[in-house]
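Shown next: run_4.cif, containing mmCIF, C-alpha atoms and all ligand atoms.
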```cif
data_start
loop_
_atom_site.group_PDB
_atom_site.id
_atom_site.type_symbol
_atom_site.label_atom_id
_atom_site.label_comp_id
_atom_site.auth_asym_id
_atom_site.auth_seq_id
_atom_site.Cartn_x
_atom_site.Cartn_y
_atom_site.Cartn_z
ATOM 1 C CA MET A 429 7.541 25.099 35.359
ATOM 2 C CA ASN A 430 9.327 22.998 32.795
ATOM 3 C CA LEU A 431 7.789 19.538 33.152
ATOM 4 C CA GLN A 432 11.120 17.905 32.352
ATOM 5 C CA ASP A 433 12.652 19.475 35.502
ATOM 6 C CA ALA A 434 10.179 17.938 37.927
ATOM 7 C CA ALA A 435 11.828 14.514 37.842
ATOM 8 C CA THR A 436 12.305 14.213 41.605
ATOM 9 C CA ASN A 437 8.872 15.526 42.574
ATOM 10 C CA TYR A 438 6.531 12.882 41.147
ATOM 11 C CA VAL A 439 3.565 12.046 43.380
ATOM 12 C CA PHE A 440 4.008 8.369 42.426
ATOM 13 C CA ASP A 441 6.662 6.299 40.677
ATOM 14 C CA PRO A 442 6.152 6.925 36.949
ATOM 15 C CA GLY A 443 7.562 3.494 36.110
ATOM 16 C CA PRO A 444 9.914 2.582 33.310
ATOM 17 C CA ARG A 445 10.013 4.411 29.998
ATOM 18 C CA VAL A 446 8.505 2.598 27.001
ATOM 19 C CA ALA A 447 11.364 1.415 24.787
ATOM 20 C CA LEU A 448 12.046 -0.920 21.874
ATOM 21 C CA PRO A 449 15.106 -3.174 21.747
ATOM 22 C CA VAL A 450 17.749 -2.579 19.088
ATOM 23 C CA ALA A 451 18.367 -5.874 17.270
ATOM 24 C CA GLY A 452 21.617 -7.627 18.073
ATOM 25 C CA THR A 453 22.521 -5.282 20.940
ATOM 26 C CA ASP A 454 21.510 -4.645 24.546
ATOM 27 C CA LEU A 455 20.544 -1.068 23.612
ATOM 28 C CA LEU A 456 17.032 0.330 23.948
ATOM 29 C CA PHE A 457 15.275 2.929 21.776
ATOM 30 C CA PRO A 458 13.159 5.154 24.077
ATOM 31 C CA VAL A 459 9.755 5.786 22.499
ATOM 32 C CA HIS A 460 8.168 9.237 22.464
ATOM 33 C CA ARG A 461 5.025 9.213 20.234
ATOM 34 C CA ILE A 462 3.458 6.750 17.795
ATOM 35 C CA TYR A 463 2.093 8.129 14.541
ATOM 36 C CA CYS A 464 0.308 5.873 12.045
ATOM 37 C CA VAL A 465 -0.384 6.446 8.361
ATOM 38 C CA GLY A 466 -3.832 5.419 7.113
ATOM 39 C CA ARG A 467 -4.431 4.009 3.603
ATOM 40 C CA ASN A 468 -0.862 4.337 2.392
ATOM 41 C CA TYR A 469 -1.077 1.392 -0.043
ATOM 42 C CA ALA A 470 -3.588 1.805 -2.894
ATOM 43 C CA ALA A 471 -4.746 -1.835 -2.821
ATOM 44 C CA HIS A 472 -5.572 -1.567 0.884
ATOM 45 C CA ALA A 473 -7.451 1.723 0.372
ATOM 46 C CA VAL A 474 -9.514 -0.058 -2.302
ATOM 47 C CA GLU A 475 -10.229 -3.099 -0.089
ATOM 48 C CA MET A 476 -11.509 -0.678 2.582
ATOM 49 C CA GLY A 477 -13.883 0.903 0.043
ATOM 50 C CA HIS A 478 -11.926 4.086 -0.759
ATOM 51 C CA ASP A 479 -10.442 5.608 -3.910
ATOM 52 C CA PRO A 480 -6.733 6.373 -3.315
ATOM 53 C CA ASN A 481 -6.804 8.816 -6.247
ATOM 54 C CA LYS A 482 -9.395 10.963 -4.476
ATOM 55 C CA GLU A 483 -8.394 10.537 -0.836
ATOM 56 C CA PRO A 484 -4.729 10.860 0.076
ATOM 57 C CA PRO A 485 -3.280 9.041 3.119
ATOM 58 C CA PHE A 486 -3.725 10.644 6.552
ATOM 59 C CA PHE A 487 -2.484 10.250 10.119
ATOM 60 C CA PHE A 488 -3.776 8.942 13.423
ATOM 61 C CA GLN A 489 -1.983 8.008 16.642
ATOM 62 C CA LYS A 490 -1.534 5.169 19.073
ATOM 63 C CA ASN A 491 -0.126 5.460 22.590
ATOM 64 C CA PRO A 492 3.517 4.571 23.249
ATOM 65 C CA ASP A 493 2.484 2.062 25.918
ATOM 66 C CA ASN A 494 0.362 0.207 23.338
ATOM 67 C CA LEU A 495 3.663 -1.266 22.088
ATOM 68 C CA VAL A 496 4.553 -4.862 22.836
ATOM 69 C CA VAL A 497 7.687 -6.575 21.586
ATOM 70 C CA GLY A 498 6.537 -9.700 19.760
ATOM 71 C CA GLY A 499 5.337 -12.555 21.945
ATOM 72 C CA GLU A 500 1.679 -12.523 22.824
ATOM 73 C CA PHE A 501 -1.215 -10.333 21.697
ATOM 74 C CA PRO A 502 -4.100 -10.531 24.173
ATOM 75 C CA TYR A 503 -7.412 -10.441 22.278
ATOM 76 C CA PRO A 504 -8.937 -7.131 23.417
ATOM 77 C CA PRO A 505 -12.354 -6.723 25.042
ATOM 78 C CA MET A 506 -15.449 -5.116 23.438
ATOM 79 C CA SER A 507 -14.715 -6.443 19.947
ATOM 80 C CA SER A 508 -15.418 -9.530 17.900
ATOM 81 C CA ASP A 509 -13.597 -8.396 14.749
ATOM 82 C CA VAL A 510 -9.921 -7.679 15.480
ATOM 83 C CA HIS A 511 -7.789 -7.310 12.332
ATOM 84 C CA HIS A 512 -4.074 -7.644 11.580
ATOM 85 C CA GLU A 513 -2.286 -4.888 9.636
ATOM 86 C CA ILE A 514 1.388 -5.601 8.908
ATOM 87 C CA GLU A 515 3.419 -2.386 8.620
ATOM 88 C CA MET A 516 6.988 -1.137 8.426
ATOM 89 C CA VAL A 517 7.894 0.877 11.509
ATOM 90 C CA VAL A 518 10.122 3.948 11.080
ATOM 91 C CA ALA A 519 11.979 5.056 14.243
ATOM 92 C CA LEU A 520 13.268 8.640 14.496
ATOM 93 C CA LYS A 521 16.493 9.730 16.210
ATOM 94 C CA SER A 522 15.787 13.442 15.654
ATOM 95 C CA GLY A 523 12.875 15.626 14.635
ATOM 96 C CA GLY A 524 11.732 19.204 14.232
ATOM 97 C CA ASP A 525 9.141 21.233 12.345
ATOM 98 C CA SER A 526 8.792 21.665 8.579
ATOM 99 C CA ILE A 527 11.437 19.085 7.696
ATOM 100 C CA ALA A 528 12.268 19.157 3.980
ATOM 101 C CA ILE A 529 11.710 15.900 2.104
ATOM 102 C CA GLU A 530 15.380 15.959 1.057
ATOM 103 C CA ARG A 531 16.522 16.050 4.733
ATOM 104 C CA ALA A 532 13.911 13.711 6.182
ATOM 105 C CA LEU A 533 15.927 10.474 6.099
ATOM 106 C CA ASP A 534 18.586 12.150 8.283
ATOM 107 C CA CYS A 535 16.019 11.872 11.120
ATOM 108 C CA VAL A 536 15.681 8.077 10.858
ATOM 109 C CA PHE A 537 17.363 5.847 13.427
ATOM 110 C CA GLY A 538 16.097 2.575 12.015
ATOM 111 C CA TYR A 539 13.261 0.314 11.022
ATOM 112 C CA GLY A 540 11.145 -2.490 12.430
ATOM 113 C CA VAL A 541 8.298 -4.856 11.607
ATOM 114 C CA GLY A 542 5.056 -3.862 13.298
ATOM 115 C CA LEU A 543 1.387 -4.767 13.513
ATOM 116 C CA ASP A 544 -1.319 -2.096 13.673
ATOM 117 C CA MET A 545 -3.891 -4.293 15.419
ATOM 118 C CA THR A 546 -7.369 -2.869 14.888
ATOM 119 C CA ARG A 547 -10.785 -3.418 16.481
ATOM 120 C CA ARG A 548 -12.397 -3.147 13.029
ATOM 121 C CA ASP A 549 -15.955 -3.278 14.334
ATOM 122 C CA LEU A 550 -15.377 -0.362 16.712
ATOM 123 C CA GLN A 551 -13.402 1.563 14.068
ATOM 124 C CA GLY A 552 -16.245 0.990 11.578
ATOM 125 C CA LYS A 553 -18.813 2.317 14.055
ATOM 126 C CA ALA A 554 -16.605 5.354 14.743
ATOM 127 C CA LYS A 555 -16.295 6.081 11.001
ATOM 128 C CA GLU A 556 -20.054 5.746 10.573
ATOM 129 C CA MET A 557 -20.740 8.195 13.404
ATOM 130 C CA GLY A 558 -17.935 10.629 12.538
ATOM 131 C CA ARG A 559 -16.172 9.888 15.835
ATOM 132 C CA PRO A 560 -12.439 9.528 16.550
ATOM 133 C CA TRP A 561 -10.681 6.191 16.041
ATOM 134 C CA GLU A 562 -8.956 5.605 19.397
ATOM 135 C CA VAL A 563 -11.303 2.839 20.550
ATOM 136 C CA GLY A 564 -10.509 0.962 17.330
ATOM 137 C CA LYS A 565 -6.798 1.667 17.173
ATOM 138 C CA ALA A 566 -5.175 2.738 20.451
ATOM 139 C CA PHE A 567 -5.982 -0.093 22.854
ATOM 140 C CA GLU A 568 -3.752 -2.266 25.050
ATOM 141 C CA ALA A 569 -1.050 -4.204 23.138
ATOM 142 C CA SER A 570 -2.385 -2.877 19.816
ATOM 143 C CA ALA A 571 1.124 -2.247 18.473
ATOM 144 C CA PRO A 572 3.283 -5.397 18.486
ATOM 145 C CA CYS A 573 6.736 -4.580 17.115
ATOM 146 C CA SER A 574 10.010 -6.338 16.331
ATOM 147 C CA PRO A 575 13.395 -5.121 17.593
ATOM 148 C CA LEU A 576 14.616 -2.157 15.541
ATOM 149 C CA VAL A 577 17.443 -2.468 13.025
ATOM 150 C CA PRO A 578 19.565 0.659 12.584
ATOM 151 C CA ALA A 579 19.623 2.391 9.210
ATOM 152 C CA SER A 580 23.408 2.489 9.654
ATOM 153 C CA HIS A 581 23.303 -1.305 9.067
ATOM 154 C CA ILE A 582 20.566 -1.733 6.474
ATOM 155 C CA GLY A 583 20.195 1.663 4.807
ATOM 156 C CA HIS A 584 16.713 2.998 4.057
ATOM 157 C CA PRO A 585 14.538 0.275 2.538
ATOM 158 C CA ALA A 586 12.422 1.672 -0.317
ATOM 159 C CA GLU A 587 11.510 -1.628 -1.950
ATOM 160 C CA GLY A 588 11.197 -5.247 -0.923
ATOM 161 C CA ALA A 589 8.480 -7.667 0.084
ATOM 162 C CA ILE A 590 6.247 -7.053 3.088
ATOM 163 C CA TRP A 591 3.972 -9.940 4.035
ATOM 164 C CA LEU A 592 2.005 -11.557 6.845
ATOM 165 C CA ASP A 593 1.194 -15.225 7.362
ATOM 166 C CA VAL A 594 -1.551 -16.389 9.714
ATOM 167 C CA ASN A 595 -1.019 -19.993 10.850
ATOM 168 C CA GLY A 596 1.311 -20.523 7.882
ATOM 169 C CA ALA A 597 -1.086 -19.193 5.226
ATOM 170 C CA ARG A 598 -0.138 -15.997 3.392
ATOM 171 C CA ARG A 599 -2.746 -13.288 4.103
ATOM 172 C CA GLN A 600 -1.106 -9.961 3.303
ATOM 173 C CA THR A 601 1.401 -9.208 0.564
ATOM 174 C CA GLY A 602 2.858 -6.028 -0.784
ATOM 175 C CA ASP A 603 6.079 -4.260 -1.629
ATOM 176 C CA LEU A 604 7.548 -1.219 0.070
ATOM 177 C CA ASN A 605 7.744 0.384 -3.379
ATOM 178 C CA GLN A 606 3.907 0.549 -3.305
ATOM 179 C CA LEU A 607 3.847 3.070 -0.436
ATOM 180 C CA ILE A 608 1.886 6.145 -1.596
ATOM 181 C CA TRP A 609 3.714 8.435 0.847
ATOM 182 C CA LYS A 610 7.334 7.266 0.864
ATOM 183 C CA VAL A 611 9.235 7.467 4.157
ATOM 184 C CA PRO A 612 10.748 10.942 3.504
ATOM 185 C CA GLU A 613 7.319 12.268 2.498
ATOM 186 C CA MET A 614 5.547 10.921 5.585
ATOM 187 C CA ILE A 615 8.202 12.481 7.846
ATOM 188 C CA SER A 616 7.980 15.807 6.012
ATOM 189 C CA TYR A 617 4.129 15.856 6.063
ATOM 190 C CA LEU A 618 4.034 14.906 9.750
ATOM 191 C CA SER A 619 6.531 17.640 10.629
ATOM 192 C CA SER A 620 4.215 20.212 9.064
ATOM 193 C CA LEU A 621 1.473 19.155 11.507
ATOM 194 C CA PHE A 622 3.449 18.207 14.645
ATOM 195 C CA THR A 623 6.868 18.860 16.129
ATOM 196 C CA LEU A 624 8.647 15.564 15.555
ATOM 197 C CA ALA A 625 11.149 14.385 18.148
ATOM 198 C CA ALA A 626 13.770 11.742 18.782
ATOM 199 C CA GLY A 627 11.898 8.632 19.899
ATOM 200 C CA ASP A 628 8.891 9.115 17.633
ATOM 201 C CA ILE A 629 7.897 6.103 15.597
ATOM 202 C CA ILE A 630 5.752 5.994 12.472
ATOM 203 C CA MET A 631 3.724 2.967 11.421
ATOM 204 C CA SER A 632 3.819 3.436 7.665
ATOM 205 C CA GLY A 633 0.567 1.782 6.562
ATOM 206 C CA THR A 634 -0.522 -1.711 5.594
ATOM 207 C CA PRO A 635 -0.732 -3.516 2.234
ATOM 208 C CA ALA A 636 -3.898 -5.331 1.130
ATOM 209 C CA GLY A 637 -5.197 -8.499 2.742
ATOM 210 C CA VAL A 638 -6.181 -7.358 6.221
ATOM 211 C CA GLY A 639 -8.445 -9.774 8.063
ATOM 212 C CA ALA A 640 -9.707 -11.032 11.374
ATOM 213 C CA VAL A 641 -7.632 -12.916 13.950
ATOM 214 C CA ASN A 642 -8.739 -15.495 16.525
ATOM 215 C CA ARG A 643 -7.286 -16.652 19.820
ATOM 216 C CA GLY A 644 -4.586 -19.253 19.132
ATOM 217 C CA ASP A 645 -3.581 -17.775 15.761
ATOM 218 C CA VAL A 646 0.124 -17.336 15.075
ATOM 219 C CA LEU A 647 0.923 -14.192 13.074
ATOM 220 C CA HIS A 648 4.261 -14.124 11.256
ATOM 221 C CA GLY A 649 5.239 -10.869 9.607
ATOM 222 C CA HIS A 650 8.245 -10.217 7.387
ATOM 223 C CA ILE A 651 9.839 -7.252 5.641
ATOM 224 C CA ASP A 652 12.796 -7.837 3.313
ATOM 225 C CA GLY A 653 15.972 -6.465 4.843
ATOM 226 C CA VAL A 654 14.221 -5.372 8.050
ATOM 227 C CA GLY A 655 13.249 -8.514 9.891
ATOM 228 C CA GLU A 656 10.546 -10.745 11.232
ATOM 229 C CA LEU A 657 7.797 -10.482 13.830
ATOM 230 C CA GLU A 658 5.974 -13.419 15.376
ATOM 231 C CA VAL A 659 2.950 -12.908 17.595
ATOM 232 C CA ARG A 660 0.459 -15.357 19.089
ATOM 233 C CA VAL A 661 -3.095 -14.248 19.733
ATOM 234 C CA VAL A 662 -4.133 -15.267 23.280
HETATM 235 MN MN MN B 701 -2.640 0.647 9.749
#
```

Take the structure in the file and write it out as structure tokens.
Ligand code: MN
Amino acid sequence: MNLQDAATNYVFDPGPRVALPVAGTDLLFPVHRIYCVGRNYAAHAVEMGHDPNKEPPFFFQKNPDNLVVGGEFPYPPMSSDVHHEIEMVVALKSGGDSIAIERALDCVFGYGVGLDMTRRDLQGKAKEMGRPWEVGKAFEASAPCSPLVPASHIGHPAEGAIWLDVNGARRQTGDLNQLIWKVPEMISYLSSLFTLAAGDIIMSGTPAGVGAVNRGDVLHGHIDGVGELEVRVV
């Protein structure tokens, strides 16, 4: 049976589809999967104790329902070291397998400002024990995101400041031109591993300066030409 055809036979109400708002409109972008790129800025790889010349970036995933649109980030349980990672979010309107780098930007609907919130203590323990990262990365509300801005309005940003302030103090700074895997490359690489689809989003990696958050902190992220994201830790 094709799972898509079973829409009237659910044993319980599946609830609303996870979606991100499109800035300046009442339109919604329905989310399929969330892929994340690890260590995609050299300075961040170095601050995490890795050599970007020896270890290329890599992928992990979050769950679509880990997304929250700005507002509040509830401090998660089982951690006392939750970090902010400001990242540009790439939202796909089409996908496929083995997408050529030259065609990859055709798949992009738009861009957003996101946070890859991370239970660093649990991620560190997982790394140490050779275990998967989900407990550190894919927890409730771990992916705050701004409304998306369509590429038809802003183009495809390849340079420009990306930064994060915590309570008004600058903590993370970088430039999109420092991405190791550029947006077309990350789409092409991903499509060699997975079948990409409309609704997939990619969190493109974080610049240096990651650090711990506390309840009451106000996180303000910015990407030139893309937008702003404000989140309060509660
Ligand atoms: Mn990240």

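Once only C-alpha atoms are considered, the residues situated within 12 Å of the file point (-8.4, -23.0, 12.0) turn out to be Val594, Asn595, Gly596, Ala597, Val641, Asn642, Arg643, Gly644, Asp645 and Val646 of chain A.
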
Contacts of range 648-661 of chain A at 7 Å (only C-alpha atoms; same-chain gap of 4+ positions) as a list in words: Gly498, Gly499, Glu500, Phe501, Pro502, Tyr503, Ile514, Tyr539, Gly540, Val541, Cys573, Ser574, Val577, Ile582, Gly588, Ala589, Ile590, Trp591, Leu592, Asp593, Val594, Asn642, Arg643 and Gly644 of chain A

Could you give me the residues within 12 Å of ligand MN 701 (chain B), counting all atoms listed in the file, as an MDAnalysis selection string? chainID A and resid 462:469 472:473 476 485:490 511:517 542:548 551 561 564:566 570:571 630:638

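Using all atoms listed in the file, the shortest contact distance between Glu530 in chain A and any of A:Pro480, A:Pro612, A:Gly452, A:Pro572 is found at A:Pro612.
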
For the structure provided, state which residues fall under the PyMOL selection byres (((chain A and resi 535) around 9) and not hetatm), and present them as number ranges by chain. A: 519-523, 531-534, 536-537, 615, 625-626

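Separating CA of Tyr617 in chain A from CA of Asp493 in chain A is a distance of 24.2 Å.
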
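Of the residues listed (A:Asp549, A:Glu613, A:Asp454, A:Asp603), A:Asp549 shows the shortest atom-to-atom separation from Asp509 in chain A; distances use all atoms listed in the file.
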
With a distance cut-off of 7 Å and all atoms listed in the file, select the neighbouring residues of Leu576 in chain A, excluding the residue or stretch itself and same-chain residues fewer than 5 positions from it, and output the selection as a tab-separated table (two decimals) with C-alpha atoms, in the frame of the given file.
```
chain	number	residue	atom	x	y	z
A	448	LEU	CA	12.05	-0.92	21.87
A	449	PRO	CA	15.11	-3.17	21.75
A	450	VAL	CA	17.75	-2.58	19.09
A	451	ALA	CA	18.37	-5.87	17.27
A	538	GLY	CA	16.10	2.58	12.02
A	539	TYR	CA	13.26	0.31	11.02
A	540	GLY	CA	11.14	-2.49	12.43
```

What would the selection look like, as a PyMOL selection string, if the PyMOL selection byres (((chain A and resi 506) around 9) and not hetatm) were run on the coordinates I just shared? chain A and resi 504-505+507-508+547+550

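The smallest atom-to-atom distance between Pro484 in chain A and any of A:Ala528, A:Val439, A:Ala470, A:Ala640, using all atoms listed in the file, is found for A:Ala470.
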
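Atom pair CA of Arg599 in chain A / CA of Gly639 in chain A: separated by 7.8 Å.
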
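The shell of residues at most 9 Å from Ala586 in chain A, with all atoms listed in the file counted and near chain neighbours (fewer than 3 positions) removed, consists of Asp603, Leu604, Asn605, Leu607, Lys610 and Val611 of chain A.
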
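Nearest to Val510 in chain A of all the residues A:Val459, A:Val563, A:Ile529, A:Val474 is A:Val563, counting all atoms listed in the file.
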
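Residue selection for this entry, given the PyMOL selection byres (((chain A and resi 447) around 10) and not hetatm), comprises Pro444, Arg445, Val446, Leu448, Pro449, Val450, Leu455, Leu456, Phe457, Pro458, Val459, His460, Pro492, Asp493, Leu495, Val496, Val497, Pro575 and Gly627 of chain A.
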
Quick check, in Å to one decimal: how far apart do CA of Val518 in chain A and CA of Asp628 in chain A lie? 8.4 Å

As JSON, please report the centre and edge lengths, rounded to one decimal in Å, of the axis-aligned box that holds all listed atoms of range 533-537 of chain A with 6 Å of padding on each of the six sides.
```
{"center_x": 17.1, "center_y": 9.0, "center_z": 9.8, "size_x": 14.9, "size_y": 18.3, "size_z": 19.3}
```

In terms of all atoms listed in the file, the residue from A:Glu483, A:Thr623, A:Leu647, A:His478 at minimal distance from Ile527 in chain A is A:Thr623
